[in-house]
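Data block for start-v2.txt (compact mmCIF, C-alpha atoms):
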```
# COMPACT_ATOMS: atom_id res chain seq x y z
CA MET Z 30 0.00 0.00 0.00
CA ALA Z 31 1.13 3.56 -0.70
CA SER Z 32 2.72 5.11 2.36
CA THR Z 33 4.22 8.43 3.42
CA TRP Z 34 7.83 9.30 4.14
CA GLN Z 35 6.90 10.05 7.75
CA ALA Z 36 5.70 6.46 8.13
CA VAL Z 37 8.95 4.91 6.88
CA SER Z 38 10.70 3.75 10.07
CA GLY Z 39 14.19 5.23 10.25
CA TRP Z 40 14.06 7.23 7.01
CA GLN Z 41 15.18 10.46 8.68
CA GLN Z 42 18.03 8.71 10.53
CA ASP Z 43 19.65 7.10 7.49
CA ASP Z 44 22.00 8.82 5.05
CA PRO Z 45 20.52 7.96 1.63
CA ALA Z 46 23.65 9.27 -0.09
CA GLN Z 47 25.40 6.12 1.15
CA ALA Z 48 23.18 4.13 -1.23
CA TRP Z 49 23.88 6.44 -4.18
CA PRO Z 50 26.59 4.25 -5.83
CA ALA Z 51 24.23 1.27 -5.69
CA LEU Z 52 21.41 3.35 -7.21
CA ARG Z 53 23.68 4.50 -10.04
CA ALA Z 54 24.62 0.86 -10.65
CA SER Z 55 20.92 -0.07 -10.92
CA CYS Z 56 19.99 2.74 -13.30
CA PRO Z 57 21.38 1.33 -16.59
CA SER Z 58 19.01 -1.62 -16.17
CA LEU Z 59 16.09 0.39 -14.80
CA SER Z 60 16.35 3.06 -17.50
CA ARG Z 61 15.17 0.60 -20.14
CA GLN Z 62 11.71 1.14 -18.63
CA ALA Z 63 10.03 4.44 -19.40
CA ALA Z 64 8.83 4.94 -15.82
CA TRP Z 65 12.41 4.85 -14.51
CA LYS Z 66 14.19 6.72 -17.30
CA THR Z 67 13.38 10.21 -16.03
CA VAL Z 68 14.32 9.58 -12.39
CA CYS Z 69 17.60 7.97 -13.43
CA GLU Z 70 18.40 10.99 -15.60
CA ARG Z 71 17.71 13.23 -12.62
CA ALA Z 72 19.95 11.07 -10.45
CA ALA Z 73 22.74 11.34 -13.02
CA ALA Z 74 22.38 15.12 -13.00
CA LEU Z 75 23.14 15.17 -9.25
CA GLY Z 76 26.54 13.60 -9.88
CA ALA Z 77 28.38 10.78 -8.16
CA GLN Z 78 28.46 12.16 -4.60
CA PRO Z 79 25.44 14.25 -3.60
CA SER Z 80 25.07 15.41 -0.03
CA ALA Z 81 22.78 13.54 2.35
CA GLY Z 82 20.27 16.38 2.08
CA ALA Z 83 20.32 16.44 -1.71
CA ALA Z 84 19.91 12.66 -1.87
CA ARG Z 85 17.02 12.73 0.59
CA GLN Z 86 15.27 15.48 -1.34
CA PHE Z 87 15.77 13.55 -4.60
CA PHE Z 88 14.01 10.47 -3.23
CA GLU Z 89 11.22 12.40 -1.53
CA THR Z 90 10.55 14.41 -4.71
CA ASN Z 91 10.68 11.58 -7.23
CA PHE Z 92 9.48 8.48 -5.39
CA THR Z 93 6.50 7.13 -3.48
CA PRO Z 94 7.24 4.63 -0.67
CA TRP Z 95 5.00 1.53 -0.84
CA GLN Z 96 4.93 -0.59 2.29
CA LEU Z 97 5.09 -4.26 1.42
CA THR Z 98 2.34 -6.36 2.96
CA ASN Z 99 2.07 -10.14 3.21
CA ALA Z 100 -1.01 -12.01 2.01
CA ASP Z 101 -2.30 -12.21 5.60
CA GLY Z 102 -2.05 -8.43 5.99
CA SER Z 103 1.07 -8.46 8.17
CA THR Z 104 3.95 -6.12 7.41
CA GLN Z 105 6.77 -8.05 9.10
CA GLY Z 106 8.88 -10.70 7.42
CA LEU Z 107 12.14 -12.59 7.61
CA VAL Z 108 15.45 -10.82 6.97
CA THR Z 109 18.51 -13.05 6.63
CA GLY Z 110 22.06 -12.25 5.58
CA TYR Z 111 24.55 -13.44 3.00
CA TYR Z 112 28.11 -12.64 2.01
CA GLU Z 113 30.88 -13.45 -0.44
CA PRO Z 114 32.96 -16.25 1.11
CA LEU Z 115 36.60 -17.14 0.53
CA ILE Z 116 37.46 -20.82 0.27
CA ARG Z 117 40.63 -22.67 -0.68
CA GLY Z 118 40.97 -24.78 -3.78
CA SER Z 119 42.95 -25.64 -6.88
CA ARG Z 120 42.78 -25.83 -10.66
CA THR Z 121 43.70 -29.51 -10.47
CA ARG Z 122 42.38 -32.39 -8.42
CA SER Z 123 44.52 -33.72 -5.59
CA ALA Z 124 44.12 -35.55 -2.30
CA ARG Z 125 43.69 -32.15 -0.65
CA SER Z 126 41.52 -30.53 -3.34
CA ALA Z 127 39.05 -33.31 -4.05
CA TRP Z 128 35.60 -31.70 -4.26
CA PRO Z 129 34.49 -30.42 -7.69
CA ILE Z 130 33.06 -26.96 -8.29
CA HIS Z 131 30.79 -27.57 -11.26
CA GLY Z 132 29.66 -25.42 -14.12
CA VAL Z 133 26.24 -25.88 -15.73
CA PRO Z 134 25.75 -29.47 -16.96
CA LYS Z 135 25.16 -29.90 -20.66
CA ASP Z 136 22.17 -32.21 -20.14
CA MET Z 137 20.14 -29.71 -18.06
CA LEU Z 138 17.24 -27.96 -19.77
CA THR Z 139 16.04 -24.52 -18.63
CA ILE Z 140 12.46 -23.69 -19.57
CA GLU Z 141 11.38 -20.05 -19.22
CA LEU Z 142 7.70 -20.27 -18.29
CA GLY Z 143 7.15 -16.56 -18.97
CA ASP Z 144 7.83 -17.17 -22.66
CA VAL Z 145 4.57 -19.15 -22.80
CA TYR Z 146 2.62 -17.70 -19.87
CA PRO Z 147 3.36 -13.98 -19.32
CA GLU Z 148 1.91 -14.14 -15.80
CA LEU Z 149 4.74 -16.54 -14.90
CA LYS Z 150 7.49 -14.07 -15.78
CA ASN Z 151 10.75 -14.70 -13.84
CA MET Z 152 9.75 -18.33 -13.24
CA ARG Z 153 11.56 -21.22 -14.87
CA LEU Z 154 11.81 -24.99 -14.77
CA ARG Z 155 14.94 -27.10 -14.94
CA GLY Z 156 14.75 -30.61 -16.29
CA ARG Z 157 16.32 -33.32 -18.37
CA LEU Z 158 15.11 -34.96 -21.55
CA VAL Z 159 14.36 -38.69 -21.40
CA GLY Z 160 12.97 -39.88 -24.70
CA ASN Z 161 10.28 -37.34 -25.51
CA LYS Z 162 9.57 -36.41 -21.88
CA VAL Z 163 11.04 -33.66 -19.72
CA LEU Z 164 11.68 -34.98 -16.21
CA PRO Z 165 12.87 -33.09 -13.11
CA TYR Z 166 16.61 -32.57 -13.02
CA TRP Z 167 18.73 -34.59 -10.61
CA THR Z 168 18.71 -33.78 -6.89
CA ARG Z 169 22.01 -33.04 -5.14
CA ALA Z 170 22.41 -36.69 -4.13
CA GLN Z 171 21.55 -37.97 -7.62
CA PHE Z 172 23.80 -35.45 -9.34
CA GLY Z 173 26.72 -36.44 -7.12
CA GLU Z 174 26.48 -39.95 -8.60
CA ARG Z 175 25.94 -38.77 -12.20
CA ALA Z 176 28.06 -35.63 -12.66
CA GLU Z 177 30.22 -37.22 -15.35
CA GLN Z 178 27.18 -38.62 -17.17
CA ALA Z 179 25.57 -35.16 -16.99
CA GLN Z 180 28.64 -33.65 -18.70
CA ALA Z 181 29.04 -31.06 -15.97
CA PRO Z 182 32.36 -29.22 -16.40
CA VAL Z 183 34.62 -28.88 -13.38
CA LEU Z 184 35.80 -25.29 -12.96
CA LEU Z 185 37.92 -25.81 -9.85
CA TRP Z 186 38.49 -28.26 -7.02
CA ALA Z 187 37.69 -27.23 -3.43
CA ASP Z 188 39.64 -28.25 -0.33
CA ASP Z 189 36.64 -28.50 1.99
CA PRO Z 190 33.17 -29.84 1.08
CA ILE Z 191 31.31 -27.98 3.82
CA GLU Z 192 32.93 -24.68 2.82
CA LEU Z 193 31.95 -25.42 -0.78
CA PHE Z 194 28.39 -26.12 0.34
CA PHE Z 195 28.13 -22.73 2.03
CA LEU Z 196 29.62 -21.07 -1.03
CA GLN Z 197 26.75 -22.63 -2.97
CA VAL Z 198 24.28 -21.28 -0.43
CA GLN Z 199 25.76 -17.77 -0.80
CA GLY Z 200 25.71 -18.05 -4.60
CA SER Z 201 29.11 -16.51 -5.26
CA GLY Z 202 32.58 -16.34 -3.77
CA ARG Z 203 36.31 -16.42 -4.29
CA VAL Z 204 38.62 -19.41 -4.39
CA GLN Z 205 42.21 -19.01 -3.22
CA LEU Z 206 44.61 -21.16 -5.24
CA PRO Z 207 47.84 -22.67 -3.79
CA ASP Z 208 49.90 -19.81 -5.30
CA GLY Z 209 47.73 -17.24 -3.52
CA LYS Z 210 45.82 -16.12 -6.61
CA LEU Z 211 42.10 -15.47 -6.11
CA VAL Z 212 39.54 -16.73 -8.61
CA ARG Z 213 36.05 -15.24 -8.47
CA ILE Z 214 33.09 -17.47 -9.29
CA GLY Z 215 29.41 -16.56 -9.46
CA TYR Z 216 26.02 -18.20 -9.74
CA ALA Z 217 25.31 -19.63 -13.18
CA ASP Z 218 22.25 -21.84 -12.58
CA GLN Z 219 20.58 -24.22 -10.17
CA ASN Z 220 19.11 -27.71 -10.50
CA GLY Z 221 15.51 -26.61 -9.92
CA HIS Z 222 14.98 -28.26 -6.55
CA PRO Z 223 13.96 -26.07 -3.59
CA TYR Z 224 16.54 -25.13 -1.00
CA GLN Z 225 16.20 -27.01 2.28
CA SER Z 226 18.09 -25.80 5.35
CA ILE Z 227 20.61 -28.34 6.64
CA GLY Z 228 20.56 -26.46 9.94
CA ARG Z 229 16.86 -27.20 10.32
CA TRP Z 230 17.53 -30.80 9.30
CA LEU Z 231 20.07 -31.12 12.14
CA VAL Z 232 17.53 -29.66 14.57
CA ALA Z 233 14.83 -32.09 13.35
CA GLN Z 234 17.26 -34.99 13.76
CA GLY Z 235 17.97 -33.95 17.35
CA GLU Z 236 21.63 -33.29 16.49
CA LEU Z 237 21.67 -29.57 17.36
CA PRO Z 238 19.43 -27.22 19.37
CA LEU Z 239 17.91 -24.46 17.26
CA GLU Z 240 20.06 -21.74 18.85
CA LYS Z 241 23.24 -23.57 17.75
CA ALA Z 242 22.15 -24.36 14.19
CA SER Z 243 24.14 -21.42 12.80
CA MET Z 244 26.74 -21.63 10.06
CA GLU Z 245 29.51 -22.05 12.62
CA GLY Z 246 27.50 -24.64 14.56
CA ILE Z 247 26.89 -26.64 11.39
CA LYS Z 248 30.59 -26.52 10.50
CA ARG Z 249 31.54 -27.82 13.94
CA TRP Z 250 29.01 -30.65 13.67
CA ALA Z 251 30.39 -31.60 10.24
CA GLN Z 252 33.95 -31.69 11.62
CA ASP Z 253 32.80 -33.94 14.47
CA ASN Z 254 30.76 -36.24 12.21
CA PRO Z 255 32.71 -36.71 8.94
CA GLN Z 256 31.09 -40.11 8.32
CA ARG Z 257 27.69 -38.39 8.02
CA LEU Z 258 28.78 -35.55 5.77
CA ASP Z 259 27.00 -36.83 2.64
CA GLU Z 260 23.82 -37.44 4.62
CA LEU Z 261 23.95 -33.87 5.93
CA LEU Z 262 24.62 -32.18 2.59
CA ASN Z 263 22.10 -34.29 0.69
CA ALA Z 264 19.35 -33.16 3.08
CA ASN Z 265 19.32 -30.12 0.78
CA PRO Z 266 18.31 -31.34 -2.72
CA SER Z 267 19.25 -27.99 -4.30
CA TYR Z 268 22.56 -27.75 -6.18
CA VAL Z 269 24.13 -24.55 -7.51
CA PHE Z 270 26.31 -24.39 -10.61
CA PHE Z 271 28.92 -21.67 -11.11
CA ARG Z 272 30.73 -19.69 -13.77
CA GLU Z 273 34.13 -18.07 -13.52
CA LEU Z 274 34.03 -14.27 -13.41
CA PRO Z 275 36.62 -11.59 -14.14
CA THR Z 276 38.69 -10.57 -11.15
CA SER Z 277 37.74 -7.17 -9.76
CA ASN Z 278 37.73 -5.21 -6.51
CA GLY Z 279 33.97 -4.69 -6.60
CA GLY Z 280 31.30 -6.92 -5.10
CA PRO Z 281 30.02 -10.11 -6.72
CA ILE Z 282 27.59 -9.84 -9.62
CA GLY Z 283 23.97 -10.17 -8.50
CA ALA Z 284 20.88 -11.18 -10.47
CA LEU Z 285 20.55 -7.64 -11.83
CA GLY Z 286 23.91 -8.06 -13.52
CA VAL Z 287 25.73 -5.40 -11.47
CA PRO Z 288 28.25 -5.67 -8.60
CA LEU Z 289 26.62 -5.85 -5.18
CA SER Z 290 27.35 -3.12 -2.62
CA ALA Z 291 28.20 -4.29 0.89
CA GLY Z 292 25.57 -3.11 3.33
CA ARG Z 293 23.41 -1.53 0.60
CA SER Z 294 22.29 -4.43 -1.61
CA ILE Z 295 19.59 -6.98 -0.82
CA ALA Z 296 18.18 -10.07 -2.49
CA VAL Z 297 14.39 -10.07 -2.91
CA ASP Z 298 11.59 -12.03 -4.54
CA PRO Z 299 11.20 -10.33 -7.94
CA ARG Z 300 7.55 -11.35 -8.12
CA TYR Z 301 6.87 -8.60 -5.58
CA VAL Z 302 9.85 -6.23 -5.72
CA PRO Z 303 11.19 -5.01 -9.09
CA LEU Z 304 14.86 -5.85 -9.51
CA GLY Z 305 16.96 -2.70 -9.29
CA ALA Z 306 14.46 -0.73 -7.22
CA PRO Z 307 15.38 1.14 -4.02
CA VAL Z 308 13.95 -0.51 -0.90
CA PHE Z 309 13.96 0.93 2.59
CA LEU Z 310 14.59 -1.85 5.09
CA ALA Z 311 13.75 -1.50 8.77
CA THR Z 312 15.13 -4.41 10.79
CA THR Z 313 17.69 -5.01 13.57
CA HIS Z 314 21.33 -6.06 13.68
CA PRO Z 315 22.02 -9.79 14.05
CA LEU Z 316 21.13 -11.24 17.46
CA SER Z 317 20.18 -7.83 18.84
CA THR Z 318 17.46 -5.24 19.05
CA ARG Z 319 19.75 -2.47 17.72
CA PRO Z 320 18.00 -0.86 14.75
CA LEU Z 321 19.31 -1.51 11.25
CA GLN Z 322 17.30 0.92 9.13
CA ARG Z 323 18.68 1.94 5.78
CA LEU Z 324 18.07 2.48 2.10
CA MET Z 325 18.97 -0.62 0.08
CA LEU Z 326 18.87 -1.58 -3.60
CA ALA Z 327 17.11 -4.77 -4.72
CA GLN Z 328 19.92 -6.14 -6.87
CA ASP Z 329 19.80 -9.88 -6.30
CA THR Z 330 17.54 -12.90 -5.90
CA GLY Z 331 17.91 -16.32 -4.31
CA SER Z 332 16.19 -19.69 -4.37
CA ALA Z 333 15.41 -19.35 -0.64
CA ILE Z 334 14.17 -15.75 -0.92
CA LYS Z 335 10.44 -16.24 -1.45
CA GLY Z 336 7.60 -14.02 -0.29
CA VAL Z 337 6.55 -10.39 -0.19
CA VAL Z 338 8.25 -9.14 2.99
CA ARG Z 339 11.45 -11.15 2.59
CA ALA Z 340 15.01 -9.92 2.17
CA ASP Z 341 18.57 -11.21 2.24
CA PHE Z 342 21.04 -8.54 3.37
CA PHE Z 343 24.43 -8.53 1.62
CA TRP Z 344 27.18 -8.01 4.19
CA GLY Z 345 30.20 -8.00 1.88
CA PHE Z 346 33.33 -10.14 1.55
CA GLY Z 347 35.33 -12.18 4.03
CA ALA Z 348 35.22 -13.68 7.48
CA GLU Z 349 33.66 -10.76 9.40
CA ALA Z 350 30.91 -10.39 6.80
CA GLY Z 351 30.36 -14.15 7.10
CA ARG Z 352 29.97 -13.94 10.87
CA GLU Z 353 27.35 -11.20 10.57
CA ALA Z 354 25.50 -13.01 7.78
CA GLY Z 355 25.54 -16.33 9.62
CA ARG Z 356 23.94 -14.79 12.72
CA MET Z 357 21.28 -12.78 10.91
CA ARG Z 358 17.72 -14.05 11.16
CA GLN Z 359 15.70 -11.00 12.10
CA GLN Z 360 12.21 -9.66 11.52
CA GLY Z 361 11.80 -6.53 9.45
CA SER Z 362 9.57 -4.27 7.38
CA MET Z 363 10.15 -3.11 3.82
CA TRP Z 364 9.09 -0.18 1.67
CA VAL Z 365 9.76 -0.34 -2.06
CA LEU Z 366 10.40 3.11 -3.54
CA LEU Z 367 8.87 3.57 -6.98
CA PRO Z 368 8.74 6.56 -9.33
CA LYS Z 369 5.60 8.56 -8.72
CA GLY Z 370 2.70 7.08 -10.69
CA LEU Z 371 4.12 3.55 -10.75
CA GLU Z 372 2.63 0.80 -8.58
CA PRO Z 373 4.36 -2.34 -7.25
CA PRO Z 374 3.52 -5.71 -8.86
CA GLN Z 375 1.34 -6.88 -5.95
CA ALA Z 376 -0.81 -3.72 -6.16
CA ARG Z 377 -1.68 -4.15 -9.81
```

Can you give me the file's structure in the form of C-alpha cells?
Amino acid sequence: MASTWQAVSGWQQDDPAQAWPALRASCPSLSRQAAWKTVCERAAALGAQPSAGAARQFFETNFTPWQLTNADGSTQGLVTGYYEPLIRGSRTRSARSAWPIHGVPKDMLTIELGDVYPELKNMRLRGRLVGNKVLPYWTRAQFGERAEQAQAPVLLWADDPIELFFLQVQGSGRVQLPDGKLVRIGYADQNGHPYQSIGRWLVAQGELPLEKASMEGIKRWAQDNPQRLDELLNANPSYVFFRELPTSNGGPIGALGVPLSAGRSIAVDPRYVPLGAPVFLATTHPLSTRPLQRLMLAQDTGSAIKGVVRADFFWGFGAEAGREAGRMRQQGSMWVLLPKGLEPPQAR
C-alpha cells in the first residue's frame, strides 16, 4: 500500500547518499523502462556524490514509498544475511583438493515459463530430456552420482566440502589457489529443486538445538561427524552451478547483472519487488534489538528468498561479513520506492 515518508521507520536517521553508488549501478538496467528513465536521468544530474540532504530530497521528490504487505495483511517478514565467502581450492584435483566446483551441466534444460505464460514471468523450470519427456533434473544426491554422465564441467576443485556447500548457499565467492591467486566465481544456474536448510535438518534430527544451528554450529558438527557428511549435505536437494568471473575489486555480480554493494544491496523475490528498485529496510542487527534501518537496492535474488516481505542482506566479503551473515535471522519491514505514478507488482 502507498505510504508516506513520515511512516517509513528510520528514514530520517539514514543517510541515503550512502546508497547512491548502488542506485547509479541499478539505473542502466532500470532506465530501459520508461517509468524509470526520467528519475535515473535526474539522479545522473546530481553527480556521483550528492550530499545527504540532496539525496534525501531527490528520493522524496521523485518516489513514493510503498509498504510491502504479506497475504495475511502483516507487514513483518524474515530478513537473513549473506556474504561473499573465501574458500581454498585448486585448478587440479589432488588428495587435498578433491571436491568439484561444477559449471552448468550440458544435459540440463532450462524452460522459461514466462515465454509461454506472461503471468509466470521470472519463473523457470529445470529438467532433463528422457525420450520425448522432460523430467525433473537430478537432486544433489543424484547429481553427485551422475556428474560425469551429466557432462558437468569442473571449474575448480575445493579443499573442503562444507565450505563449498556454504559457497553454494551464498551463490558466489572467491577461491584461493595454492599460489595465492584469487579466482572469483558466481552463480550460473541451479538444479531446480527447492533449497532445504541443513541447519533445520540437524535440529529435526535432534543433532543440534535451534540456537546452535548457525553456520559455525553446522561446521563444527560436520567436523565432528565426517562419516555423516553426505547425509547432511544431501538433506538439501538444491545444487548450484557456477561460472568463472573476471577478477575485480567490486562486489560479486547479482541477479541484476551489477556488482553488489556491501551493506546496501539486498536479495528479494522479484515477483513482488522489481529488480533494481530502491527498498527501505527496517530491521535489527544480528542477534540484537539495535535498529538496522537503511536504504537498500534490490539487486539480487535467491532460491530461498520467497515471499513479499522477505530480504537477504548482503554483508560483503570475508570472514567478518560471514559472521554477521551467519547470525542474521531478524524480523523486518520493507518499503519499495517507486517513481511517482508507478505501482508495485502486488498492487496491480

Note to self: Excluding Val68 of chain Z and its own-chain neighbours fewer than 5 positions away, which residues fall within 10 Å of it when counting all atoms listed in the file? Please give them as an NGL selection string.
What the structure shows: :Z and (56 or 59-60 or 63 or 73-74 or 87-88 or 90-92 or 367-369)

I'd like a table as JSON lines: residues in segment 261-327 of chain Z with an atom no more than 10 Å from segment 344-360 of chain Z, each row giving the shortest atom pair and its distance in Å to one decimal, only C-alpha atoms counted, sorted by chain and rising residue number.
```
{"residue": "Z:Gly279", "atom": "CA", "partner": "Z:Phe346", "partner_atom": "CA", "distance": 9.8}
{"residue": "Z:Gly280", "atom": "CA", "partner": "Z:Gly345", "partner_atom": "CA", "distance": 7.1}
{"residue": "Z:Pro281", "atom": "CA", "partner": "Z:Gly345", "partner_atom": "CA", "distance": 8.9}
{"residue": "Z:Leu289", "atom": "CA", "partner": "Z:Gly345", "partner_atom": "CA", "distance": 8.2}
{"residue": "Z:Ser290", "atom": "CA", "partner": "Z:Gly345", "partner_atom": "CA", "distance": 7.2}
{"residue": "Z:Ala291", "atom": "CA", "partner": "Z:Gly345", "partner_atom": "CA", "distance": 4.3}
{"residue": "Z:Gly292", "atom": "CA", "partner": "Z:Trp344", "partner_atom": "CA", "distance": 5.2}
{"residue": "Z:Arg293", "atom": "CA", "partner": "Z:Trp344", "partner_atom": "CA", "distance": 8.3}
{"residue": "Z:Ser294", "atom": "CA", "partner": "Z:Trp344", "partner_atom": "CA", "distance": 8.4}
{"residue": "Z:Ile295", "atom": "CA", "partner": "Z:Trp344", "partner_atom": "CA", "distance": 9.2}
{"residue": "Z:Ala311", "atom": "CA", "partner": "Z:Gln360", "partner_atom": "CA", "distance": 8.7}
{"residue": "Z:Thr312", "atom": "CA", "partner": "Z:Gln360", "partner_atom": "CA", "distance": 6.1}
{"residue": "Z:Thr313", "atom": "CA", "partner": "Z:Gln359", "partner_atom": "CA", "distance": 6.5}
{"residue": "Z:His314", "atom": "CA", "partner": "Z:Met357", "partner_atom": "CA", "distance": 7.3}
{"residue": "Z:Pro315", "atom": "CA", "partner": "Z:Met357", "partner_atom": "CA", "distance": 4.4}
{"residue": "Z:Leu316", "atom": "CA", "partner": "Z:Arg356", "partner_atom": "CA", "distance": 6.6}
{"residue": "Z:Ser317", "atom": "CA", "partner": "Z:Gln359", "partner_atom": "CA", "distance": 8.7}
{"residue": "Z:Thr318", "atom": "CA", "partner": "Z:Gln359", "partner_atom": "CA", "distance": 9.2}
```

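Of note, atom CA of Leu321 of chain Z and atom CA of Ser277 of chain Z are spaced 28.5 Å apart.
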
Write out as CSV the residues of segment 249-277 of chain Z that have any atom within 12 Å of an atom of segment 148-167 of chain Z, one row each with the nearest atom pair and its distance in Å to one decimal, counting only C-alpha atoms, sorted by chain and then rising number.
```
residue,atom,partner,partner_atom,distance
Z:Asn263,CA,Z:Trp167,CA,11.8
Z:Pro266,CA,Z:Trp167,CA,8.5
Z:Ser267,CA,Z:Trp167,CA,9.1
Z:Tyr268,CA,Z:Trp167,CA,9.0
Z:Val269,CA,Z:Trp167,CA,11.8
```

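The spacing separating atom CA of Leu193 of chain Z from atom CA of Glu141 of chain Z amounts to 28.1 Å.
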
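Atom CA of Lys210 of chain Z is found 27.7 Å from atom CA of Ala51 of chain Z.
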
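Using all atoms listed in the file, the smallest distance between any of Z:Arg71, Z:Arg272, Z:Arg125, Z:Arg169 and Leu184 of chain Z comes from Z:Arg272.
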
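Distance check against Arg323 of chain Z using all atoms listed in the file: of Z:Ser362, Z:Ser103, Z:Asn278, Z:Gln205, the minimum falls on Z:Ser362.
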
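Taking all atoms listed in the file into account, Arg203 of chain Z lies nearest to Z:Glu113 out of the set Z:Asp218, Z:Glu113, Z:Asp144, Z:Glu89.
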
Next item on the list: Show which residues sit within 12 Å of Gly209 of chain Z, as a list in words. Count all atoms listed in the file, and ignore same-chain residues fewer than 2 positions away.
Entry: Leu115, Ile116, Arg117, Gly118, Ser119, Arg203, Val204, Gln205, Leu206, Pro207, Leu211 and Val212 of chain Z

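If only C-alpha atoms are the atoms counted, then among Z:Pro129, Z:Gly39, Z:Gly202, Z:Pro299 the closest residue to Thr330 of chain Z is Z:Pro299.
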
Need the axis-aligned box for segment 88-104 of chain Z with 5 Å each side, so what are the centre and edges in Å to one decimal, as AutoDock Vina command-line options?
```
--center_x 5.9 --center_y 1.1 --center_z 0.5 --size_x 26.3 --size_y 36.6 --size_z 25.4
```

Item checked: Residues within 10 Å of Pro57 of chain Z, all atoms listed in the file, excluding chain neighbours under 4 positions, as a PyMOL selection string -> chain Z and resi 52-53+61-62+65-66+69+287+305

Write out, as a short mmCIF file (atom, residue, chain, number, x, y, z; two decimals), in the frame of the given file, the residues just selected, with C-alpha atoms.
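As a result, part.cif now contains:
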```cif
data_model
loop_
_atom_site.label_atom_id
_atom_site.label_comp_id
_atom_site.auth_asym_id
_atom_site.auth_seq_id
_atom_site.Cartn_x
_atom_site.Cartn_y
_atom_site.Cartn_z
CA LEU Z 52 21.41 3.35 -7.21
CA ARG Z 53 23.68 4.50 -10.04
CA ARG Z 61 15.17 0.60 -20.14
CA GLN Z 62 11.71 1.14 -18.63
CA TRP Z 65 12.41 4.85 -14.51
CA LYS Z 66 14.19 6.72 -17.30
CA CYS Z 69 17.60 7.97 -13.43
CA VAL Z 287 25.73 -5.40 -11.47
CA GLY Z 305 16.96 -2.70 -9.29
#
```

Notebook entry, point to check: Which residue gives the smallest distance to Ala100 of chain Z among Z:Leu326, Z:Ala81, Z:Val337, Z:Val297, with all atoms listed in the file counted?
Noted result: Z:Val337

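Nearest to Leu285 of chain Z of all the residues Z:Glu245, Z:Asp329, Z:Asp44, Z:Glu177 is Z:Asp329, based on all atoms listed in the file.
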
Could you write segment 291-307 of chain Z as a PDB file, in the coordinates of the input, with N, CA and C atoms rebuilt where they are missing?
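result-v9.pdb, freshly written:
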```pdb
ATOM      1  N   ALA Z 291      28.271  -3.805  -0.484  1.00  0.00           N
ATOM      2  CA  ALA Z 291      28.200  -4.290   0.890  1.00  0.00           C
ATOM      3  C   ALA Z 291      27.376  -3.346   1.751  1.00  0.00           C
ATOM      4  N   GLY Z 292      26.395  -3.893   2.435  1.00  0.00           N
ATOM      5  CA  GLY Z 292      25.570  -3.110   3.330  1.00  0.00           C
ATOM      6  C   GLY Z 292      24.515  -2.258   2.660  1.00  0.00           C
ATOM      7  N   ARG Z 293      24.418  -2.324   1.299  1.00  0.00           N
ATOM      8  CA  ARG Z 293      23.410  -1.530   0.600  1.00  0.00           C
ATOM      9  C   ARG Z 293      22.679  -2.313  -0.482  1.00  0.00           C
ATOM     10  N   SER Z 294      22.995  -3.587  -0.639  1.00  0.00           N
ATOM     11  CA  SER Z 294      22.290  -4.430  -1.610  1.00  0.00           C
ATOM     12  C   SER Z 294      21.533  -5.527  -0.860  1.00  0.00           C
ATOM     13  N   ILE Z 295      20.346  -5.865  -1.365  1.00  0.00           N
ATOM     14  CA  ILE Z 295      19.590  -6.980  -0.820  1.00  0.00           C
ATOM     15  C   ILE Z 295      19.117  -7.876  -1.958  1.00  0.00           C
ATOM     16  N   ALA Z 296      18.862  -9.140  -1.589  1.00  0.00           N
ATOM     17  CA  ALA Z 296      18.180 -10.070  -2.490  1.00  0.00           C
ATOM     18  C   ALA Z 296      16.716 -10.085  -2.107  1.00  0.00           C
ATOM     19  N   VAL Z 297      15.839 -10.131  -3.118  1.00  0.00           N
ATOM     20  CA  VAL Z 297      14.390 -10.070  -2.910  1.00  0.00           C
ATOM     21  C   VAL Z 297      13.716 -11.105  -3.799  1.00  0.00           C
ATOM     22  N   ASP Z 298      12.411 -11.221  -3.645  1.00  0.00           N
ATOM     23  CA  ASP Z 298      11.590 -12.030  -4.540  1.00  0.00           C
ATOM     24  C   ASP Z 298      11.084 -11.104  -5.639  1.00  0.00           C
ATOM     25  N   PRO Z 299      11.560 -11.283  -6.883  1.00  0.00           N
ATOM     26  CA  PRO Z 299      11.200 -10.330  -7.940  1.00  0.00           C
ATOM     27  C   PRO Z 299       9.740 -10.377  -8.366  1.00  0.00           C
ATOM     28  N   ARG Z 300       8.986 -11.346  -7.843  1.00  0.00           N
ATOM     29  CA  ARG Z 300       7.550 -11.350  -8.120  1.00  0.00           C
ATOM     30  C   ARG Z 300       6.867 -10.175  -7.425  1.00  0.00           C
ATOM     31  N   TYR Z 301       7.498  -9.652  -6.372  1.00  0.00           N
ATOM     32  CA  TYR Z 301       6.870  -8.600  -5.580  1.00  0.00           C
ATOM     33  C   TYR Z 301       7.682  -7.303  -5.527  1.00  0.00           C
ATOM     34  N   VAL Z 302       8.977  -7.406  -5.759  1.00  0.00           N
ATOM     35  CA  VAL Z 302       9.850  -6.230  -5.720  1.00  0.00           C
ATOM     36  C   VAL Z 302      10.617  -6.174  -7.038  1.00  0.00           C
ATOM     37  N   PRO Z 303      10.464  -5.098  -7.814  1.00  0.00           N
ATOM     38  CA  PRO Z 303      11.190  -5.010  -9.090  1.00  0.00           C
ATOM     39  C   PRO Z 303      12.698  -5.008  -8.872  1.00  0.00           C
ATOM     40  N   LEU Z 304      13.404  -5.841  -9.617  1.00  0.00           N
ATOM     41  CA  LEU Z 304      14.860  -5.850  -9.510  1.00  0.00           C
ATOM     42  C   LEU Z 304      15.426  -4.487  -9.888  1.00  0.00           C
ATOM     43  N   GLY Z 305      16.342  -4.002  -9.068  1.00  0.00           N
ATOM     44  CA  GLY Z 305      16.960  -2.700  -9.290  1.00  0.00           C
ATOM     45  C   GLY Z 305      16.360  -1.585  -8.471  1.00  0.00           C
ATOM     46  N   ALA Z 306      15.164  -1.803  -7.929  1.00  0.00           N
ATOM     47  CA  ALA Z 306      14.460  -0.730  -7.220  1.00  0.00           C
ATOM     48  C   ALA Z 306      15.078  -0.436  -5.857  1.00  0.00           C
ATOM     49  N   PRO Z 307      15.005   0.833  -5.400  1.00  0.00           N
ATOM     50  CA  PRO Z 307      15.380   1.140  -4.020  1.00  0.00           C
ATOM     51  C   PRO Z 307      14.335   0.545  -3.059  1.00  0.00           C
TER      52      PRO Z 307
END
```
